[in-house]
Amino acid sequence: MVTNRGTMLRMGDLVQIYASGDAMTAELTRARLEDEGIDVLLKNSMGGSSVYPVGPSYLFVPVEQELAARQVIEAIESGAYALDADEDVGEPSEDDAPTS
């Protein structure tokens, strides 16, 4: 079994749904899938330290969530989650203000 963010996943029940040579893109995709309520396992092929990952990253989800995960990835790749340049994302809070 694999523990992923507090969820127990059996490896036999997982299917690979995504691969990327960019570790940051894989992390962001994982986060979006989790935000959509999908359990995700991120596996990196490390060729060096974990601070500087080298090699592809793979995302796995439970078989029963595969369709939903593929729909989220398709939406990501189509730009459905992108913000428009003119879209207001709100005023920065006091916590976001730079300190001197």
# chains A, B, ... in the order shown; residues from 1 in each chain; ligands from 1

$ residues_around --residues "Ser57 of chain A" --least-positions-apart "5" --cutoff "8 Å" --atoms "only C-alpha atoms" --output "number ranges by chain"
A: 19-23, 26, 42-45

$ residues_around --residues "segment 30-32 of chain A" --least-positions-apart "2" --cutoff "8 Å" --atoms "only C-alpha atoms" --output "NGL selection string"
:A and (26-28 or 34-36 or 40-42 or 59 or 72)

$ write_last_selection --atoms "N, CA and C atoms" --output "PDB file, in the first residue's frame"
ATOM      1  N   ALA A  26       4.190  18.652 -13.168  1.00  0.00           N
ATOM      2  CA  ALA A  26       3.583  17.475 -12.547  1.00  0.00           C
ATOM      3  C   ALA A  26       3.018  17.816 -11.167  1.00  0.00           C
ATOM      4  N   GLU A  27       3.745  18.611 -10.378  1.00  0.00           N
ATOM      5  CA  GLU A  27       3.267  19.024  -9.050  1.00  0.00           C
ATOM      6  C   GLU A  27       1.999  19.861  -9.154  1.00  0.00           C
ATOM      7  N   LEU A  28       1.982  20.797 -10.095  1.00  0.00           N
ATOM      8  CA  LEU A  28       0.803  21.644 -10.270  1.00  0.00           C
ATOM      9  C   LEU A  28      -0.397  20.823 -10.743  1.00  0.00           C
ATOM     10  N   GLU A  34      -6.010  16.983  -6.922  1.00  0.00           N
ATOM     11  CA  GLU A  34      -6.408  16.880  -5.519  1.00  0.00           C
ATOM     12  C   GLU A  34      -7.472  17.911  -5.172  1.00  0.00           C
ATOM     13  N   ASP A  35      -7.359  19.119  -5.726  1.00  0.00           N
ATOM     14  CA  ASP A  35      -8.385  20.142  -5.501  1.00  0.00           C
ATOM     15  C   ASP A  35      -9.741  19.699  -6.023  1.00  0.00           C
ATOM     16  N   GLU A  36      -9.735  18.847  -7.039  1.00  0.00           N
ATOM     17  CA  GLU A  36     -10.974  18.326  -7.624  1.00  0.00           C
ATOM     18  C   GLU A  36     -11.457  17.067  -6.896  1.00  0.00           C
ATOM     19  N   VAL A  40      -4.287  11.178  -5.688  1.00  0.00           N
ATOM     20  CA  VAL A  40      -3.182  11.147  -6.650  1.00  0.00           C
ATOM     21  C   VAL A  40      -1.903  10.683  -5.974  1.00  0.00           C
ATOM     22  N   LEU A  41      -1.160   9.861  -6.677  1.00  0.00           N
ATOM     23  CA  LEU A  41       0.185   9.471  -6.262  1.00  0.00           C
ATOM     24  C   LEU A  41       1.146  10.046  -7.289  1.00  0.00           C
ATOM     25  N   LEU A  42       2.117  10.823  -6.832  1.00  0.00           N
ATOM     26  CA  LEU A  42       3.153  11.394  -7.695  1.00  0.00           C
ATOM     27  C   LEU A  42       4.423  10.589  -7.497  1.00  0.00           C
ATOM     28  N   LEU A  59       2.008  10.577 -12.650  1.00  0.00           N
ATOM     29  CA  LEU A  59       0.856  10.664 -11.766  1.00  0.00           C
ATOM     30  C   LEU A  59       0.012   9.414 -11.926  1.00  0.00           C
ATOM     31  N   VAL A  72     -10.019  16.306 -16.011  1.00  0.00           N
ATOM     32  CA  VAL A  72      -9.342  17.459 -15.404  1.00  0.00           C
ATOM     33  C   VAL A  72      -8.068  17.787 -16.179  1.00  0.00           C
TER      34      VAL A  72
END

$ atom_distance --atom1 "atom CA of Ala69 of chain A" --atom2 "atom CA of Asp86 of chain A"
28.9 Å

$ residues_around --residues "Ala68 of chain A" --least-positions-apart "5" --cutoff "10 Å" --atoms "only C-alpha atoms" --output "tab-separated table (two decimals) with N, CA and C atoms, in the first residue's frame"
chain	number	residue	atom	x	y	z
A	33	LEU	N	-5.63	18.13	-9.47
A	33	LEU	CA	-6.40	16.90	-9.33
A	33	LEU	C	-6.88	16.73	-7.90
A	36	GLU	N	-9.74	18.85	-7.04
A	36	GLU	CA	-10.97	18.33	-7.62
A	36	GLU	C	-11.46	17.07	-6.90
A	37	GLY	N	-10.78	16.70	-5.80
A	37	GLY	CA	-11.20	15.57	-5.00
A	37	GLY	C	-10.69	14.22	-5.47
A	38	ILE	N	-9.67	14.23	-6.32
A	38	ILE	CA	-9.11	12.99	-6.88
A	38	ILE	C	-7.86	12.62	-6.09
A	61	VAL	N	-3.63	7.46	-10.37
A	61	VAL	CA	-4.89	7.64	-9.66
A	61	VAL	C	-5.58	6.28	-9.53
A	73	ILE	N	-7.29	16.77	-16.53
A	73	ILE	CA	-6.05	17.01	-17.29
A	73	ILE	C	-6.37	17.61	-18.65
A	74	GLU	N	-7.41	17.13	-19.29
A	74	GLU	CA	-7.81	17.70	-20.58
A	74	GLU	C	-8.20	19.17	-20.42
